[in-house]
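What's in start13.pdb: PDB, C-alpha atoms
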ATOM      1  CA  MET X   1      26.704  53.920  26.936  1.00  0.00           C
ATOM      2  CA  VAL X   2      28.133  56.467  24.530  1.00  0.00           C
ATOM      3  CA  GLU X   3      31.652  55.175  24.984  1.00  0.00           C
ATOM      4  CA  TRP X   4      30.547  51.625  24.134  1.00  0.00           C
ATOM      5  CA  ALA X   5      28.719  52.931  21.074  1.00  0.00           C
ATOM      6  CA  GLY X   6      31.753  54.931  19.976  1.00  0.00           C
ATOM      7  CA  TRP X   7      34.029  51.913  20.303  1.00  0.00           C
ATOM      8  CA  ILE X   8      31.602  49.647  18.425  1.00  0.00           C
ATOM      9  CA  VAL X   9      31.417  52.096  15.511  1.00  0.00           C
ATOM     10  CA  THR X  10      35.173  52.734  15.565  1.00  0.00           C
ATOM     11  CA  LEU X  11      35.966  49.029  15.557  1.00  0.00           C
ATOM     12  CA  ALA X  12      33.462  48.353  12.752  1.00  0.00           C
ATOM     13  CA  GLY X  13      35.045  51.078  10.604  1.00  0.00           C
ATOM     14  CA  THR X  14      38.564  49.949  11.414  1.00  0.00           C
ATOM     15  CA  GLY X  15      37.734  46.300  10.828  1.00  0.00           C
ATOM     16  CA  HIS X  16      36.187  46.903   7.440  1.00  0.00           C
ATOM     17  CA  THR X  17      38.926  49.278   6.299  1.00  0.00           C
ATOM     18  CA  LEU X  18      41.846  47.115   7.393  1.00  0.00           C
ATOM     19  CA  GLY X  19      40.178  43.877   6.313  1.00  0.00           C
ATOM     20  CA  SER X  20      39.402  45.174   2.842  1.00  0.00           C
ATOM     21  CA  LEU X  21      42.854  46.702   2.445  1.00  0.00           C
ATOM     22  CA  VAL X  22      44.527  43.432   3.453  1.00  0.00           C
ATOM     23  CA  GLU X  23      42.416  41.682   0.846  1.00  0.00           C
ATOM     24  CA  ALA X  24      42.640  44.280  -1.957  1.00  0.00           C
ATOM     25  CA  ALA X  25      45.883  46.212  -1.595  1.00  0.00           C
ATOM     26  CA  PRO X  26      48.394  43.419  -2.289  1.00  0.00           C
ATOM     27  CA  ASP X  27      46.898  42.818  -5.734  1.00  0.00           C
ATOM     28  CA  HIS X  28      45.934  46.367  -6.700  1.00  0.00           C
ATOM     29  CA  ALA X  29      48.079  48.958  -4.866  1.00  0.00           C
ATOM     30  CA  GLY X  30      50.540  49.097  -7.751  1.00  0.00           C
ATOM     31  CA  THR X  31      47.709  49.973 -10.119  1.00  0.00           C
ATOM     32  CA  TRP X  32      46.234  52.517  -7.697  1.00  0.00           C
ATOM     33  CA  PHE X  33      49.498  54.418  -7.397  1.00  0.00           C
ATOM     34  CA  GLY X  34      50.444  54.002 -11.051  1.00  0.00           C
ATOM     35  CA  GLY X  35      48.366  56.768 -12.636  1.00  0.00           C
ATOM     36  CA  TRP X  36      45.265  54.705 -13.405  1.00  0.00           C
ATOM     37  CA  GLU X  37      41.734  55.956 -14.074  1.00  0.00           C
ATOM     38  CA  LEU X  38      38.683  54.812 -12.133  1.00  0.00           C
ATOM     39  CA  GLY X  39      36.647  54.114 -15.258  1.00  0.00           C
ATOM     40  CA  ASP X  40      32.902  54.007 -15.758  1.00  0.00           C
ATOM     41  CA  TYR X  41      30.562  51.740 -13.876  1.00  0.00           C
ATOM     42  CA  PRO X  42      29.912  49.169 -16.605  1.00  0.00           C
ATOM     43  CA  GLY X  43      33.600  48.776 -17.365  1.00  0.00           C
ATOM     44  CA  MET X  44      35.020  48.770 -13.834  1.00  0.00           C
ATOM     45  CA  SER X  45      38.301  46.945 -13.562  1.00  0.00           C
ATOM     46  CA  ASP X  46      39.141  44.698 -10.626  1.00  0.00           C
ATOM     47  CA  ALA X  47      41.391  47.487  -9.334  1.00  0.00           C
ATOM     48  CA  THR X  48      38.473  49.947  -9.393  1.00  0.00           C
ATOM     49  CA  VAL X  49      36.173  47.543  -7.575  1.00  0.00           C
ATOM     50  CA  ALA X  50      38.892  46.936  -4.968  1.00  0.00           C
ATOM     51  CA  TRP X  51      39.344  50.730  -4.570  1.00  0.00           C
ATOM     52  CA  TRP X  52      35.629  51.236  -3.881  1.00  0.00           C
ATOM     53  CA  TYR X  53      35.599  48.226  -1.563  1.00  0.00           C
ATOM     54  CA  SER X  54      38.509  49.451   0.537  1.00  0.00           C
ATOM     55  CA  VAL X  55      39.749  53.047   0.418  1.00  0.00           C
ATOM     56  CA  PHE X  56      36.490  54.648  -0.784  1.00  0.00           C
ATOM     57  CA  SER X  57      34.161  52.356   1.183  1.00  0.00           C
ATOM     58  CA  PHE X  58      32.053  53.190   4.207  1.00  0.00           C
ATOM     59  CA  GLY X  59      34.896  52.014   6.471  1.00  0.00           C
ATOM     60  CA  PRO X  60      36.905  55.252   6.754  1.00  0.00           C
ATOM     61  CA  PRO X  61      33.840  57.502   7.325  1.00  0.00           C
ATOM     62  CA  LEU X  62      32.507  55.016   9.875  1.00  0.00           C
ATOM     63  CA  LEU X  63      35.853  55.140  11.665  1.00  0.00           C
ATOM     64  CA  LEU X  64      35.612  58.954  11.762  1.00  0.00           C
ATOM     65  CA  ILE X  65      32.055  58.805  13.116  1.00  0.00           C
ATOM     66  CA  GLY X  66      33.153  56.441  15.878  1.00  0.00           C
ATOM     67  CA  LEU X  67      36.114  58.633  16.808  1.00  0.00           C
ATOM     68  CA  THR X  68      33.860  61.712  16.800  1.00  0.00           C
ATOM     69  CA  VAL X  69      31.390  59.991  19.135  1.00  0.00           C
ATOM     70  CA  LEU X  70      34.277  59.122  21.487  1.00  0.00           C
ATOM     71  CA  TRP X  71      35.613  62.690  21.273  1.00  0.00           C
ATOM     72  CA  LEU X  72      32.191  64.159  22.099  1.00  0.00           C
ATOM     73  CA  ASN X  73      31.761  61.745  24.996  1.00  0.00           C
ATOM     74  CA  ARG X  74      35.112  62.688  26.513  1.00  0.00           C
ATOM     75  CA  ARG X  75      33.953  66.299  26.520  1.00  0.00           C
ATOM     76  CA  GLY X  76      30.634  65.453  28.152  1.00  0.00           C
ATOM     77  CA  MET X  77      28.656  66.127  24.983  1.00  0.00           C
ATOM     78  CA  THR X  78      25.827  63.992  23.652  1.00  0.00           C
ATOM     79  CA  PRO X  79      26.172  63.119  19.954  1.00  0.00           C
ATOM     80  CA  PRO X  80      23.363  64.536  17.807  1.00  0.00           C
ATOM     81  CA  LEU X  81      20.390  62.262  17.155  1.00  0.00           C
ATOM     82  CA  PHE X  82      20.889  62.354  13.391  1.00  0.00           C
ATOM     83  CA  VAL X  83      24.047  60.243  13.816  1.00  0.00           C
ATOM     84  CA  SER X  84      22.062  57.423  15.424  1.00  0.00           C
ATOM     85  CA  TRP X  85      19.115  57.607  13.035  1.00  0.00           C
ATOM     86  CA  ALA X  86      21.376  57.794   9.973  1.00  0.00           C
ATOM     87  CA  MET X  87      23.192  54.631  11.117  1.00  0.00           C
ATOM     88  CA  VAL X  88      19.871  52.856  11.674  1.00  0.00           C
ATOM     89  CA  ALA X  89      18.606  53.829   8.209  1.00  0.00           C
ATOM     90  CA  TRP X  90      21.886  52.888   6.527  1.00  0.00           C
ATOM     91  CA  VAL X  91      22.068  49.453   8.192  1.00  0.00           C
ATOM     92  CA  VAL X  92      18.402  48.656   7.520  1.00  0.00           C
ATOM     93  CA  VAL X  93      18.626  49.642   3.842  1.00  0.00           C
ATOM     94  CA  GLY X  94      21.871  47.687   3.499  1.00  0.00           C
ATOM     95  CA  PHE X  95      20.289  44.633   5.111  1.00  0.00           C
ATOM     96  CA  VAL X  96      17.230  44.814   2.836  1.00  0.00           C
ATOM     97  CA  VAL X  97      19.272  45.342  -0.345  1.00  0.00           C
ATOM     98  CA  ASP X  98      22.328  43.181   0.358  1.00  0.00           C
ATOM     99  CA  GLY X  99      21.183  40.670   2.962  1.00  0.00           C
ATOM    100  CA  PRO X 100      22.728  39.652   6.259  1.00  0.00           C
ATOM    101  CA  SER X 101      26.116  41.025   7.261  1.00  0.00           C
ATOM    102  CA  PRO X 102      27.966  41.875  10.485  1.00  0.00           C
ATOM    103  CA  LEU X 103      26.723  45.477  10.278  1.00  0.00           C
ATOM    104  CA  PRO X 104      23.633  45.020  12.485  1.00  0.00           C
ATOM    105  CA  ILE X 105      26.085  45.421  15.388  1.00  0.00           C
ATOM    106  CA  LEU X 106      25.827  49.101  14.464  1.00  0.00           C
ATOM    107  CA  LEU X 107      22.159  48.934  15.490  1.00  0.00           C
ATOM    108  CA  VAL X 108      23.399  48.157  19.007  1.00  0.00           C
ATOM    109  CA  ALA X 109      25.619  51.248  18.871  1.00  0.00           C
ATOM    110  CA  ALA X 110      22.748  53.376  17.528  1.00  0.00           C
ATOM    111  CA  GLY X 111      20.480  52.073  20.286  1.00  0.00           C
ATOM    112  CA  LEU X 112      23.043  53.008  22.935  1.00  0.00           C
ATOM    113  CA  LEU X 113      23.364  56.506  21.452  1.00  0.00           C
ATOM    114  CA  LEU X 114      19.582  56.940  21.313  1.00  0.00           C
ATOM    115  CA  ALA X 115      19.227  55.761  24.923  1.00  0.00           C
ATOM    116  CA  ASP X 116      21.908  58.208  26.057  1.00  0.00           C
ATOM    117  CA  ALA X 117      20.272  61.083  24.161  1.00  0.00           C
ATOM    118  CA  ARG X 118      16.977  60.272  25.867  1.00  0.00           C
ATOM    119  CA  ARG X 119      18.681  60.127  29.264  1.00  0.00           C
ATOM    120  CA  ALA X 120      20.423  63.448  28.633  1.00  0.00           C
ATOM    121  CA  ARG X 121      17.160  65.100  27.580  1.00  0.00           C
ATOM    122  CA  ARG X 122      15.385  63.750  30.667  1.00  0.00           C
ATOM    123  CA  HIS X 123      18.111  65.163  32.944  1.00  0.00           C
ATOM    124  CA  GLY X 124      18.296  68.507  31.152  1.00  0.00           C
ATOM    125  CA  ASN X 125      21.789  67.842  29.752  1.00  0.00           C
ATOM    126  CA  THR X 126      20.972  68.896  26.227  1.00  0.00           C
ATOM    127  CA  PRO X 127      23.537  70.827  24.192  1.00  0.00           C
ATOM    128  CA  PRO X 128      23.197  74.608  23.803  1.00  0.00           C
ATOM    129  CA  ARG X 129      21.020  75.855  20.972  1.00  0.00           C
ATOM    130  CA  ALA X 130      22.711  77.498  18.015  1.00  0.00           C
ATOM    131  CA  GLY X 131      23.082  81.249  18.277  1.00  0.00           C
ATOM    132  CA  THR X 132      23.247  81.421  22.063  1.00  0.00           C
ATOM    133  CA  ALA X 133      26.240  81.441  24.343  1.00  0.00           C
ATOM    134  CA  SER X 134      24.700  79.601  27.297  1.00  0.00           C
ATOM    135  CA  GLY X 135      21.940  77.686  25.643  1.00  0.00           C
ATOM    136  CA  ALA X 136      19.282  80.059  26.960  1.00  0.00           C
ATOM    137  CA  ARG X 137      16.660  81.085  24.472  1.00  0.00           C
ATOM    138  CA  VAL X 138      16.882  84.619  23.197  1.00  0.00           C
ATOM    139  CA  GLU X 139      13.468  86.297  23.143  1.00  0.00           C
ATOM    140  CA  SER X 140      12.901  89.045  20.632  1.00  0.00           C
TER     141      SER X 140
END
Can the structure from this file be put into structure tokens for me?
Amino acid sequence: MVEWAGWIVTLAGTGHTLGSLVEAAPDHAGTWFGGWELGDYPGMSDATVAWWYSVFSFGPPLLLIGLTVLWLNRRGMTPPLFVSWAMVAWVVVGFVVDGPSPLPILLVAAGLLLADARRARRHGNTPPRAGTASGARVES
């Protein structure tokens, strides 16, 4: 389940990043690498909007989250719950504010991660607690 979730998130981040770069970079890369300034919100140039849509969008961080989920899975570790819940909140807010998009596929990934976390907890495969070497609680 975790591997599927990791690949879904990785592909979503890659797809958005590459898709937006293919669309934006041909027209604006010269400006981006030519010593330009981002500018203020009300006066954003087309190059600034393209920058925020591609390079500084959610795509690269989403790609990193997906790769991190895959990395954790390959080491037998369950990703922390906040990753799943943050994706759910982000997609729901985005859907409410911006309307339909392909991003609800991330809800599938979040659901897979949540199901795996529940399975791991049920089987006692939870990660060690901070401050302990083996995960055992330290009584004082």
### Message
List as a list in words the protein and nucleic acid residues near X:Glu37, meaning an atom at most 10 Å away when only C-alpha atoms are counted, but skip any in the same chain fewer than 5 places from it.
### Response
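After dropping sequence-adjacent residues, the list is Thr31, Trp32, Met44, Ser45, Ala47 and Thr48 of chain X.
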### Query
Between X:Leu103, X:Ala110, X:Ala115, X:Ala120, which has the minimum distance to X:Phe58 (counting all atoms listed in the file)?
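Of X:Leu103, X:Ala110, X:Ala115, X:Ala120, the one nearest X:Phe58 is X:Leu103, counting all atoms listed in the file.
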### Task
Have a look at X:Val91, X:Gly43, X:Gly15, X:Leu81 and name the one nearest to X:Arg121; count all atoms listed in the file.
X:Leu81
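Once the PyMOL selection byres ((chain X and resi 62-67) around 6) is applied to this file, the selection holds Gly6, Val9, Thr10, Gly13, Thr14, Phe58, Gly59, Pro60, Pro61, Thr68, Val69 and Leu70 of chain X.
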Put those residues in a file: C-alpha atoms, as a short mmCIF file (atom, residue, chain, number, x, y, z; two decimals), in the frame of the given file.
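Generated output (selection-v7.cif):
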data_model
loop_
_atom_site.label_atom_id
_atom_site.label_comp_id
_atom_site.auth_asym_id
_atom_site.auth_seq_id
_atom_site.Cartn_x
_atom_site.Cartn_y
_atom_site.Cartn_z
CA GLY X 6 31.75 54.93 19.98
CA VAL X 9 31.42 52.10 15.51
CA THR X 10 35.17 52.73 15.56
CA GLY X 13 35.04 51.08 10.60
CA THR X 14 38.56 49.95 11.41
CA PHE X 58 32.05 53.19 4.21
CA GLY X 59 34.90 52.01 6.47
CA PRO X 60 36.90 55.25 6.75
CA PRO X 61 33.84 57.50 7.32
CA THR X 68 33.86 61.71 16.80
CA VAL X 69 31.39 59.99 19.14
CA LEU X 70 34.28 59.12 21.49
#
#### Entry: atom CA of X:Val88 to atom CA of X:Pro104, straight-line distance in Å
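Computed distance, atom CA of X:Pro104 to atom CA of X:Val88, equals 8.7 Å.
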